[in-house]
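Colleague: My file is input-v3.csv. It has CSV, C-alpha atoms:
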chain,number,residue,atom,x,y,z
D,1,MET,CA,-7.7,10.6,-26.3
D,2,LYS,CA,-5.4,8.0,-27.9
D,3,TYR,CA,-4.1,5.1,-25.8
D,4,LEU,CA,-0.6,3.9,-25.8
D,5,ASP,CA,-1.1,0.9,-28.1
D,6,GLU,CA,-2.3,3.3,-30.8
D,7,TYR,CA,1.1,5.1,-31.0
D,8,ARG,CA,3.8,3.6,-33.2
D,9,ASP,CA,6.7,6.1,-33.2
D,10,GLY,CA,9.6,6.7,-30.8
D,11,ALA,CA,8.6,10.2,-29.7
D,12,ILE,CA,5.7,9.2,-27.5
D,13,GLY,CA,7.2,10.4,-24.3
D,14,GLU,CA,8.1,13.9,-25.7
D,15,ARG,CA,4.7,14.2,-27.2
D,16,LEU,CA,2.9,13.3,-24.0
D,17,LEU,CA,5.1,15.7,-22.0
D,18,GLU,CA,4.4,18.5,-24.4
D,19,ARG,CA,0.7,17.8,-24.2
D,20,LEU,CA,1.0,17.9,-20.4
D,21,ARG,CA,2.6,21.4,-20.6
D,22,GLN,CA,-0.1,22.7,-22.9
D,23,ALA,CA,-3.0,21.2,-21.0
D,24,LEU,CA,-2.0,22.3,-17.5
D,25,PRO,CA,-4.6,24.9,-16.7
D,26,ARG,CA,-3.2,26.1,-13.3
D,27,PRO,CA,-0.8,24.7,-10.7
D,28,LEU,CA,-2.1,21.2,-9.7
D,29,GLN,CA,-1.2,18.8,-6.9
D,30,LEU,CA,-1.8,15.2,-7.9
D,31,MET,CA,-1.3,12.3,-5.5
D,32,GLU,CA,0.1,9.0,-6.6
D,33,VAL,CA,-1.5,6.7,-4.1
D,34,CYS,CA,0.6,3.6,-4.8
D,35,GLY,CA,4.2,3.3,-3.5
D,36,THR,CA,5.2,1.5,-6.7
D,37,HIS,CA,4.1,4.6,-8.6
D,38,THR,CA,6.3,6.7,-6.3
D,39,VAL,CA,9.3,4.5,-7.1
D,40,ALA,CA,8.5,4.4,-10.9
D,41,LEU,CA,8.2,8.2,-11.1
D,42,PHE,CA,11.7,8.5,-9.6
D,43,ARG,CA,13.4,5.7,-11.3
D,44,SER,CA,12.2,6.8,-14.8
D,45,GLY,CA,13.3,10.4,-14.2
D,46,LEU,CA,9.7,11.6,-14.8
D,47,ARG,CA,9.7,13.8,-11.6
D,48,ASP,CA,12.4,15.9,-13.1
D,49,ALA,CA,10.7,16.1,-16.5
D,50,LEU,CA,7.2,17.1,-15.4
D,51,PRO,CA,6.2,20.7,-16.2
D,52,GLU,CA,6.5,23.4,-13.7
D,53,GLY,CA,3.3,23.7,-11.7
D,54,LEU,CA,2.5,20.0,-11.7
D,55,THR,CA,3.3,18.7,-8.2
D,56,MET,CA,3.3,15.0,-7.3
D,57,LEU,CA,2.4,14.1,-3.7
D,58,SER,CA,3.2,10.6,-2.3
D,59,GLY,CA,0.2,9.0,-0.6
D,60,PRO,CA,-0.6,6.1,1.8
D,61,GLY,CA,-0.1,3.4,-0.8
D,62,CYS,CA,2.6,1.4,1.1
D,63,PRO,CA,0.8,-1.3,3.3
D,64,VAL,CA,3.9,-1.7,5.4
D,65,CYS,CA,4.0,2.1,6.1
D,66,VAL,CA,0.4,2.5,7.1
D,67,THR,CA,0.4,-0.4,9.6
D,68,ALA,CA,-0.4,1.1,13.0
D,69,GLN,CA,2.1,0.9,15.8
D,70,ALA,CA,-0.3,-1.1,17.9
D,71,ASP,CA,-0.6,-3.7,15.2
D,72,LEU,CA,3.2,-4.0,15.1
D,73,ASP,CA,3.3,-4.4,18.9
D,74,ARG,CA,0.6,-7.1,18.6
D,75,ALA,CA,2.8,-9.1,16.1
D,76,VAL,CA,5.8,-8.8,18.5
D,77,ALA,CA,3.6,-10.1,21.4
D,78,LEU,CA,2.5,-13.0,19.2
D,79,ALA,CA,6.1,-13.9,18.3
D,80,ARG,CA,6.9,-14.1,22.0
D,81,GLN,CA,4.3,-16.7,22.6
D,82,PRO,CA,5.7,-20.2,23.5
D,83,GLY,CA,5.2,-22.6,20.7
D,84,VAL,CA,4.4,-20.0,18.1
D,85,THR,CA,6.1,-19.5,14.7
D,86,LEU,CA,5.4,-16.1,13.3
D,87,VAL,CA,5.6,-15.9,9.5
D,88,THR,CA,5.5,-12.7,7.4
D,89,PHE,CA,7.0,-10.8,4.5
D,90,GLY,CA,10.6,-9.5,4.8
D,91,ASP,CA,9.8,-5.8,5.0
D,92,MET,CA,7.8,-6.2,8.2
D,93,LEU,CA,10.9,-7.5,10.1
D,94,ARG,CA,12.7,-4.2,10.1
D,95,VAL,CA,9.8,-1.9,10.8
D,96,PRO,CA,10.2,-0.5,14.3
D,97,ALA,CA,7.5,-1.4,16.8
D,98,SER,CA,7.2,0.7,20.0
D,99,ARG,CA,10.1,-0.9,21.8
D,100,THR,CA,11.7,-3.4,19.5
D,101,SER,CA,11.2,-4.9,16.0
D,102,LEU,CA,10.6,-8.4,14.7
D,103,GLU,CA,14.1,-8.4,13.4
D,104,ARG,CA,15.4,-7.9,16.9
D,105,GLU,CA,13.1,-10.5,18.3
D,106,LYS,CA,14.3,-13.0,15.7
D,107,ALA,CA,17.9,-12.3,16.7
D,108,ALA,CA,16.8,-12.9,20.4
D,109,GLY,CA,15.8,-16.4,19.4
D,110,TRP,CA,12.1,-16.3,18.8
D,111,ASP,CA,10.9,-18.3,15.8
D,112,ILE,CA,10.2,-15.7,13.2
D,113,ARG,CA,10.4,-16.6,9.5
D,114,VAL,CA,10.3,-14.7,6.2
D,115,VAL,CA,8.3,-16.0,3.2
D,116,TYR,CA,7.5,-14.7,-0.2
D,117,SER,CA,4.0,-16.0,-0.3
D,118,PRO,CA,1.3,-16.8,2.2
D,119,LEU,CA,1.2,-20.3,0.7
D,120,ASP,CA,4.7,-20.8,2.1
D,121,ALA,CA,3.3,-20.1,5.6
D,122,LEU,CA,0.6,-22.8,5.0
D,123,ALA,CA,3.4,-25.3,4.1
D,124,ILE,CA,5.3,-24.5,7.2
D,125,ALA,CA,2.2,-25.2,9.3
D,126,GLU,CA,1.7,-28.5,7.5
D,127,SER,CA,5.3,-29.5,8.0
D,128,ASN,CA,5.4,-28.5,11.7
D,129,PRO,CA,2.2,-29.8,13.3
D,130,ARG,CA,3.5,-29.2,16.8
D,131,ARG,CA,4.0,-25.5,16.2
D,132,GLN,CA,1.3,-22.8,16.1
D,133,VAL,CA,2.1,-21.0,12.9
D,134,VAL,CA,0.8,-17.5,12.5
D,135,PHE,CA,0.9,-15.6,9.3
D,136,TYR,CA,1.1,-11.8,9.9
D,137,GLY,CA,-1.2,-10.7,7.0
D,138,VAL,CA,-0.2,-7.2,5.9
D,139,GLY,CA,-1.3,-5.7,2.6
D,140,PHE,CA,-4.1,-4.2,0.5
D,141,GLU,CA,-6.6,-5.9,-1.9
D,142,THR,CA,-3.7,-7.2,-4.0
D,143,THR,CA,-2.3,-9.7,-1.4
D,144,ALA,CA,-5.4,-10.3,0.7
D,145,PRO,CA,-7.0,-12.8,-1.8
D,146,THR,CA,-4.0,-15.1,-1.5
D,147,VAL,CA,-4.2,-15.0,2.3
D,148,ALA,CA,-7.9,-15.7,2.0
D,149,HIS,CA,-7.0,-18.8,-0.1
D,150,THR,CA,-4.7,-20.1,2.6
D,151,LEU,CA,-7.5,-19.9,5.2
D,152,LEU,CA,-9.9,-21.8,3.0
D,153,GLU,CA,-7.2,-24.4,2.4
D,154,ALA,CA,-6.4,-24.7,6.1
D,155,ARG,CA,-10.1,-25.4,6.7
D,156,ARG,CA,-10.3,-27.9,3.9
D,157,ARG,CA,-7.2,-29.7,5.0
D,158,GLY,CA,-8.2,-29.6,8.7
D,159,LEU,CA,-5.0,-27.7,9.7
D,160,ALA,CA,-5.7,-26.7,13.3
D,161,ASN,CA,-2.2,-25.1,13.8
D,162,TYR,CA,-2.4,-22.4,11.1
D,163,PHE,CA,-3.6,-18.9,11.9
D,164,VAL,CA,-3.7,-15.5,10.3
D,165,LEU,CA,-3.3,-12.1,12.1
D,166,SER,CA,-5.1,-9.9,9.6
D,167,VAL,CA,-4.2,-6.2,9.4
D,168,HIS,CA,-5.3,-6.1,5.8
D,169,LYS,CA,-6.7,-2.8,4.5
D,170,THR,CA,-8.7,-1.6,1.5
D,171,VAL,CA,-7.6,1.5,-0.4
D,172,PRO,CA,-10.8,3.5,-1.5
D,173,GLY,CA,-11.7,4.5,2.1
D,174,ALA,CA,-8.2,6.0,2.6
D,175,LEU,CA,-8.8,8.4,-0.4
D,176,ALA,CA,-12.0,9.7,1.3
D,177,ALA,CA,-10.1,10.0,4.6
D,178,LEU,CA,-7.4,12.1,3.0
D,179,LEU,CA,-10.0,14.4,1.5
D,180,ASP,CA,-12.0,14.6,4.7
D,181,GLY,CA,-8.8,15.6,6.6
D,182,GLY,CA,-8.6,18.8,4.6
D,183,ASP,CA,-5.0,19.6,5.5
D,184,VAL,CA,-3.6,18.8,2.0
D,185,ARG,CA,-5.0,20.1,-1.3
D,186,ILE,CA,-5.4,17.2,-3.7
D,187,ASP,CA,-6.6,17.9,-7.3
D,188,GLY,CA,-6.6,14.3,-8.5
D,189,PHE,CA,-5.6,10.8,-7.6
D,190,LEU,CA,-3.3,8.5,-9.7
D,191,CYS,CA,-5.0,5.3,-8.5
D,192,PRO,CA,-3.0,2.1,-7.9
D,193,GLY,CA,-2.8,-0.3,-10.8
D,194,HIS,CA,-2.1,-3.5,-8.7
D,195,VAL,CA,-5.0,-2.9,-6.3
D,196,SER,CA,-7.3,-2.0,-9.2
D,197,THR,CA,-6.7,-5.3,-10.9
D,198,ILE,CA,-8.6,-6.8,-8.0
D,199,ILE,CA,-11.3,-4.2,-7.2
D,200,GLY,CA,-11.7,-2.7,-10.6
D,201,THR,CA,-12.5,1.0,-11.2
D,202,ARG,CA,-16.0,1.2,-9.7
D,203,PRO,CA,-14.9,1.7,-6.1
D,204,TYR,CA,-13.3,5.0,-6.9
D,205,GLU,CA,-16.6,6.5,-8.3
D,206,PRO,CA,-17.8,7.8,-4.9
D,207,VAL,CA,-14.6,9.8,-4.6
D,208,ALA,CA,-15.1,11.4,-8.0
D,209,GLN,CA,-18.9,12.0,-7.4
D,210,HIS,CA,-18.9,13.1,-3.8
D,211,TYR,CA,-15.7,15.1,-3.6
D,212,GLY,CA,-15.4,16.2,-7.2
D,213,ILE,CA,-11.8,14.7,-7.4
D,214,SER,CA,-10.6,13.1,-10.6
D,215,CYS,CA,-9.3,9.5,-10.4
D,216,VAL,CA,-7.3,7.7,-13.0
D,217,VAL,CA,-6.0,4.2,-12.7
D,218,GLY,CA,-2.5,4.0,-14.2
D,219,GLY,CA,0.1,1.4,-15.1
D,220,PHE,CA,3.8,1.5,-14.1
D,221,GLU,CA,5.8,2.0,-17.3
D,222,PRO,CA,6.9,5.6,-18.0
D,223,LEU,CA,4.5,6.0,-20.8
D,224,ASP,CA,1.7,4.6,-18.7
D,225,LEU,CA,2.4,7.2,-16.0
D,226,LEU,CA,2.6,10.1,-18.5
D,227,GLN,CA,-0.6,9.2,-20.1
D,228,ALA,CA,-2.4,8.8,-16.8
D,229,LEU,CA,-1.2,12.2,-15.6
D,230,LEU,CA,-2.3,13.7,-18.9
D,231,MET,CA,-5.8,12.3,-18.4
D,232,LEU,CA,-5.9,13.8,-14.9
D,233,VAL,CA,-4.7,17.2,-16.1
D,234,GLU,CA,-7.1,17.2,-19.0
D,235,GLN,CA,-10.0,16.5,-16.6
D,236,ALA,CA,-8.9,19.5,-14.5
D,237,ALA,CA,-8.7,21.7,-17.6
D,238,CYS,CA,-12.3,20.8,-18.5
D,239,GLY,CA,-13.5,21.2,-14.9
D,240,GLU,CA,-14.5,17.5,-14.8
D,241,ALA,CA,-14.1,14.8,-12.1
D,242,ARG,CA,-14.4,11.3,-13.4
D,243,VAL,CA,-12.9,7.8,-13.0
D,244,GLU,CA,-10.8,6.8,-16.0
D,245,ASN,CA,-8.8,3.7,-16.7
D,246,GLN,CA,-5.4,4.1,-18.4
D,247,TYR,CA,-4.3,0.6,-17.4
D,248,ARG,CA,-6.9,-1.1,-19.6
D,249,ARG,CA,-4.6,-4.0,-20.5
D,250,ALA,CA,-4.7,-5.2,-16.8
D,251,VAL,CA,-7.7,-3.5,-15.1
D,252,ARG,CA,-11.4,-4.1,-15.8
D,253,GLU,CA,-14.2,-2.0,-14.6
D,254,ASP,CA,-15.5,-4.8,-12.4
D,255,GLY,CA,-12.1,-6.1,-11.4
D,256,ASN,CA,-11.3,-9.7,-10.6
D,257,LEU,CA,-14.6,-11.3,-9.6
D,258,VAL,CA,-12.9,-14.6,-8.5
D,259,ALA,CA,-10.6,-12.8,-6.1
D,260,GLN,CA,-13.5,-10.6,-4.8
D,261,ARG,CA,-15.5,-13.7,-4.0
D,262,ALA,CA,-12.6,-15.2,-2.0
D,263,LEU,CA,-12.3,-11.9,-0.1
D,264,ALA,CA,-16.0,-11.8,0.7
D,265,GLU,CA,-16.0,-15.5,1.8
D,266,VAL,CA,-13.2,-15.0,4.2
D,267,PHE,CA,-13.2,-11.4,5.4
D,268,GLU,CA,-15.7,-8.8,6.5
D,269,PRO,CA,-15.2,-5.0,6.7
D,270,CYS,CA,-14.1,-3.5,10.0
D,271,ASP,CA,-12.9,-0.2,11.3
D,272,VAL,CA,-9.1,-0.1,11.4
D,273,GLU,CA,-6.3,2.3,12.3
D,274,TRP,CA,-4.0,3.6,9.6
D,275,ARG,CA,-0.8,5.3,10.4
D,276,GLY,CA,-1.2,9.0,9.6
D,277,LEU,CA,-4.9,8.8,8.9
D,278,GLY,CA,-6.4,7.5,12.1
D,279,VAL,CA,-9.3,5.0,12.3
D,280,ILE,CA,-11.0,4.7,8.9
D,281,PRO,CA,-14.5,3.1,9.1
D,282,GLY,CA,-15.0,-0.1,7.1
D,283,SER,CA,-11.5,0.0,5.6
D,284,GLY,CA,-10.1,-3.1,7.4
D,285,LEU,CA,-10.5,-6.8,6.6
D,286,ARG,CA,-11.4,-8.9,9.6
D,287,ILE,CA,-11.7,-12.7,9.4
D,288,ARG,CA,-15.3,-13.8,9.5
D,289,PRO,CA,-16.7,-15.7,12.5
D,290,GLU,CA,-17.1,-18.8,10.3
D,291,LEU,CA,-13.3,-19.0,10.2
D,292,ALA,CA,-12.7,-18.0,13.8
D,293,ALA,CA,-10.7,-21.2,14.5
D,294,TRP,CA,-7.9,-19.9,12.2
D,295,ASP,CA,-8.1,-16.2,13.4
D,296,ALA,CA,-5.0,-15.3,15.5
D,297,GLU,CA,-6.9,-12.3,17.0
D,298,ARG,CA,-9.4,-14.7,18.6
D,299,ALA,CA,-7.1,-17.6,19.3
D,300,PHE,CA,-4.4,-15.9,21.3
D,301,GLU,CA,-4.9,-13.7,24.4
D,302,LEU,CA,-2.3,-11.0,24.3
D,303,GLU,CA,-1.4,-8.3,26.8
D,304,ILE,CA,0.0,-5.3,24.9
D,305,GLU,CA,1.3,-2.1,26.4
D,306,PRO,CA,0.0,1.2,24.9
D,307,PRO,CA,2.0,2.1,21.8
D,308,ALA,CA,5.0,4.4,22.4
D,309,PRO,CA,5.5,7.4,20.0
D,310,THR,CA,8.5,7.6,17.8
D,311,HIS,CA,9.9,11.0,18.6
D,312,GLY,CA,10.8,13.1,15.6
D,313,CYS,CA,9.5,10.7,13.0
D,314,ARG,CA,7.2,12.4,10.5
D,315,CYS,CA,6.0,9.3,8.6
D,316,ALA,CA,2.4,10.1,9.5
D,317,ASP,CA,2.7,13.4,7.7
D,318,VAL,CA,4.5,11.9,4.7
D,319,LEU,CA,1.7,9.3,4.3
D,320,ARG,CA,-0.9,12.1,4.1
D,321,GLY,CA,1.1,14.1,1.5
D,322,ALA,CA,1.5,16.9,4.0
D,323,LEU,CA,5.3,16.6,4.1
D,324,ARG,CA,7.9,15.6,1.7
D,325,PRO,CA,10.4,13.1,3.2
D,326,VAL,CA,13.3,15.5,2.8
D,327,GLU,CA,11.4,17.9,5.1
D,328,CYS,CA,11.6,15.5,8.0
D,329,PRO,CA,14.5,16.5,10.3
D,330,LEU,CA,15.5,12.8,10.6
D,331,PHE,CA,15.7,12.1,6.9
D,332,ALA,CA,19.1,10.8,5.7
D,333,GLN,CA,20.5,11.9,9.1
D,334,ALA,CA,19.3,9.8,12.0
D,335,CYS,CA,16.9,7.8,9.7
D,336,THR,CA,18.4,5.9,6.8
D,337,PRO,CA,17.5,2.5,5.1
D,338,GLN,CA,20.3,0.9,7.2
D,339,ARG,CA,19.0,2.5,10.5
D,340,PRO,CA,15.3,3.2,9.9
D,341,ILE,CA,13.3,5.0,12.5
D,342,GLY,CA,10.0,5.0,10.6
D,343,PRO,CA,8.4,2.5,8.3
D,344,CYS,CA,8.5,4.8,5.3
D,345,MET,CA,12.3,4.3,5.2
D,346,VAL,CA,12.0,0.5,5.5
D,347,SER,CA,9.7,-0.7,2.7
D,348,SER,CA,10.8,-0.7,-0.9
D,349,GLU,CA,7.5,1.0,-1.6
D,350,GLY,CA,8.0,3.6,1.2
D,351,ALA,CA,8.2,7.3,0.1
D,352,CYS,CA,11.2,8.0,2.3
D,353,ALA,CA,13.2,5.0,0.9
D,354,ALA,CA,12.3,6.1,-2.6
D,355,TYR,CA,13.5,9.7,-2.0
D,356,PHE,CA,16.6,8.4,-0.3
D,357,GLN,CA,17.6,6.1,-3.2
D,358,TYR,CA,16.5,8.2,-6.2
D,359,GLY,CA,15.6,11.7,-5.3
D,360,ARG,CA,17.5,13.4,-2.5
D,361,ASN,CA,19.2,16.0,-4.6
D,362,TRP,CA,16.2,16.7,-6.8
D,363,ALA,CA,13.9,17.0,-3.8
D,364,ARG,CA,16.1,19.3,-1.8
D,365,GLY,CA,16.4,21.7,-4.7
D,366,GLY,CA,13.0,21.2,-6.2
Would you mind giving the structure from this file in structure tokens?

Modeller:
Amino acid sequence: MKYLDEYRDGAIGERLLERLRQALPRPLQLMEVCGTHTVALFRSGLRDALPEGLTMLSGPGCPVCVTAQADLDRAVALARQPGVTLVTFGDMLRVPASRTSLEREKAAGWDIRVVYSPLDALAIAESNPRRQVVFYGVGFETTAPTVAHTLLEARRRGLANYFVLSVHKTVPGALAALLDGGDVRIDGFLCPGHVSTIIGTRPYEPVAQHYGISCVVGGFEPLDLLQALLMLVEQAACGEARVENQYRRAVREDGNLVAQRALAEVFEPCDVEWRGLGVIPGSGLRIRPELAAWDAERAFELEIEPPAPTHGCRCADVLRGALRPVECPLFAQACTPQRPIGPCMVSSEGACAAYFQYGRNWARGG
């Protein structure tokens, strides 16, 4: 099929939509794994425009949202350690832990700071040698290489007061876990563009081969999304299950080898808990023993109470695609972006936040 750079007229969107309608062989449920795709589908109006019978499910592509309650409680416990400065991204502050949040702990006087880059956390450690600076590392393969770089830099500079609490996760294992769960029918995955710039397209091949589920890596512009969906629908129409790359201007088959080497030097795979999906073997990134001196997990002894459930919150079901956000009884009532109960309403990539901002009327009637 033609790629976007081969088109030269102003009717590309309509032509792609018409081809989608014509190619749709039966009702299909496709999952956009990435939270940025969820937002882009709403913001562009494409959810309204897609043909009847093509359903988009939101998946576990928001790293803030899939962070387990126990990991949030661990971050809170670290922030309460005397002499510790906890540094993280802004979204993490408002995510409710079992009994509090980092935002509340910051208001209570603990030294918790927001940064836009892990390199800022490294600079804070260098400027405050008497503080133990812990970066709370949350994210997928997109952000983990930068965190890996800070650990290598801390070792090179001899910074003994910089640590990382890694709850980083890798995406391909989550796709297999969704399919193994069996409670949601998924006919194809719209795979994340940002993650795929790092890992490439090869890691999705076991999903296509073992489960017979199509995977297409897509970009984020409206025409990117339409073409990626068309590629998925055309595979379904032909009875095929392959990995295709619509986002060729940014994603290579082998990915970013420099970033992958940094990840391999700093992290090793481990079993890790995902909110909504349970423990997924080998899907976490744990700091290697060679860098144990900068590993907050090893450096601090923490006593953490068992996680407390959030009554009524259905984020776990939303992250599996088993529930639309508007079907949660708390949505837009008890749970809003101003008063979030679950993480999916906090993050800018969360499905509940996207539905709240862009799609409440459509979703209730759709």

Colleague: List the neighbours of stretch 72-79 of chain D out to 9 Å using only C-alpha atoms; skip same-chain residues closer than 5 positions along the sequence, and give me the result as a PDB file with C-alpha atoms, in the coordinates of the input.

Modeller:
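New file result.pdb:
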ATOM      1  CA  THR D  67       0.400  -0.400   9.600  1.00  0.00           C
ATOM      2  CA  VAL D  84       4.400 -20.000  18.100  1.00  0.00           C
ATOM      3  CA  THR D  85       6.100 -19.500  14.700  1.00  0.00           C
ATOM      4  CA  LEU D  86       5.400 -16.100  13.300  1.00  0.00           C
ATOM      5  CA  MET D  92       7.800  -6.200   8.200  1.00  0.00           C
ATOM      6  CA  VAL D  95       9.800  -1.900  10.800  1.00  0.00           C
ATOM      7  CA  PRO D  96      10.200  -0.500  14.300  1.00  0.00           C
ATOM      8  CA  ALA D  97       7.500  -1.400  16.800  1.00  0.00           C
ATOM      9  CA  SER D  98       7.200   0.700  20.000  1.00  0.00           C
ATOM     10  CA  ARG D  99      10.100  -0.900  21.800  1.00  0.00           C
ATOM     11  CA  THR D 100      11.700  -3.400  19.500  1.00  0.00           C
ATOM     12  CA  SER D 101      11.200  -4.900  16.000  1.00  0.00           C
ATOM     13  CA  LEU D 102      10.600  -8.400  14.700  1.00  0.00           C
ATOM     14  CA  GLU D 105      13.100 -10.500  18.300  1.00  0.00           C
ATOM     15  CA  LYS D 106      14.300 -13.000  15.700  1.00  0.00           C
ATOM     16  CA  TRP D 110      12.100 -16.300  18.800  1.00  0.00           C
ATOM     17  CA  ASP D 111      10.900 -18.300  15.800  1.00  0.00           C
ATOM     18  CA  ILE D 112      10.200 -15.700  13.200  1.00  0.00           C
ATOM     19  CA  VAL D 134       0.800 -17.500  12.500  1.00  0.00           C
ATOM     20  CA  TYR D 136       1.100 -11.800   9.900  1.00  0.00           C
ATOM     21  CA  LEU D 165      -3.300 -12.100  12.100  1.00  0.00           C
ATOM     22  CA  ALA D 296      -5.000 -15.300  15.500  1.00  0.00           C
ATOM     23  CA  PHE D 300      -4.400 -15.900  21.300  1.00  0.00           C
ATOM     24  CA  LEU D 302      -2.300 -11.000  24.300  1.00  0.00           C
ATOM     25  CA  GLU D 303      -1.400  -8.300  26.800  1.00  0.00           C
ATOM     26  CA  ILE D 304       0.000  -5.300  24.900  1.00  0.00           C
ATOM     27  CA  GLU D 305       1.300  -2.100  26.400  1.00  0.00           C
ATOM     28  CA  PRO D 306       0.000   1.200  24.900  1.00  0.00           C
ATOM     29  CA  PRO D 307       2.000   2.100  21.800  1.00  0.00           C
TER      30      PRO D 307
END

Colleague: Give me the residues within 8 Å of D:Glu32 as a list of chain:residue names, counting only C-alpha atoms and dropping any in the same chain fewer than 2 places off.

Modeller: D:Leu30, D:Cys34, D:Gly35, D:His37, D:Thr38, D:Met56, D:Leu57, D:Ser58, D:Gly59, D:Phe189, D:Leu190, D:Cys191, D:Pro192

Colleague: Set up a box along x, y and z of the file covering all listed atoms of stretch 162-180 of chain D, add 8 Å on every one of the six sides, and write the centre and edge lengths in Å to one decimal, as AutoDock Vina command-line options.

Modeller:
--center_x -7.2 --center_y -3.9 --center_z 5.3 --size_x 25.6 --size_y 53.0 --size_z 29.6

Colleague: Show which residues sit within 12 Å of D:Val39, as an mmCIF file with C-alpha atoms, in the frame of the given file. Count all atoms listed in the file, and ignore same-chain residues fewer than 5 positions away.

Modeller:
data_model
loop_
_atom_site.group_PDB
_atom_site.id
_atom_site.type_symbol
_atom_site.label_atom_id
_atom_site.label_comp_id
_atom_site.auth_asym_id
_atom_site.auth_seq_id
_atom_site.Cartn_x
_atom_site.Cartn_y
_atom_site.Cartn_z
ATOM 1 C CA GLU D 32 0.100 9.000 -6.600
ATOM 2 C CA VAL D 33 -1.500 6.700 -4.100
ATOM 3 C CA CYS D 34 0.600 3.600 -4.800
ATOM 4 C CA SER D 44 12.200 6.800 -14.800
ATOM 5 C CA GLY D 45 13.300 10.400 -14.200
ATOM 6 C CA LEU D 46 9.700 11.600 -14.800
ATOM 7 C CA ARG D 47 9.700 13.800 -11.600
ATOM 8 C CA SER D 58 3.200 10.600 -2.300
ATOM 9 C CA GLY D 61 -0.100 3.400 -0.800
ATOM 10 C CA CYS D 62 2.600 1.400 1.100
ATOM 11 C CA PHE D 220 3.800 1.500 -14.100
ATOM 12 C CA GLU D 221 5.800 2.000 -17.300
ATOM 13 C CA PRO D 222 6.900 5.600 -18.000
ATOM 14 C CA LEU D 225 2.400 7.200 -16.000
ATOM 15 C CA SER D 347 9.700 -0.700 2.700
ATOM 16 C CA SER D 348 10.800 -0.700 -0.900
ATOM 17 C CA GLU D 349 7.500 1.000 -1.600
ATOM 18 C CA GLY D 350 8.000 3.600 1.200
ATOM 19 C CA ALA D 351 8.200 7.300 0.100
ATOM 20 C CA CYS D 352 11.200 8.000 2.300
ATOM 21 C CA ALA D 353 13.200 5.000 0.900
ATOM 22 C CA ALA D 354 12.300 6.100 -2.600
ATOM 23 C CA TYR D 355 13.500 9.700 -2.000
ATOM 24 C CA PHE D 356 16.600 8.400 -0.300
ATOM 25 C CA GLN D 357 17.600 6.100 -3.200
ATOM 26 C CA TYR D 358 16.500 8.200 -6.200
ATOM 27 C CA GLY D 359 15.600 11.700 -5.300
#
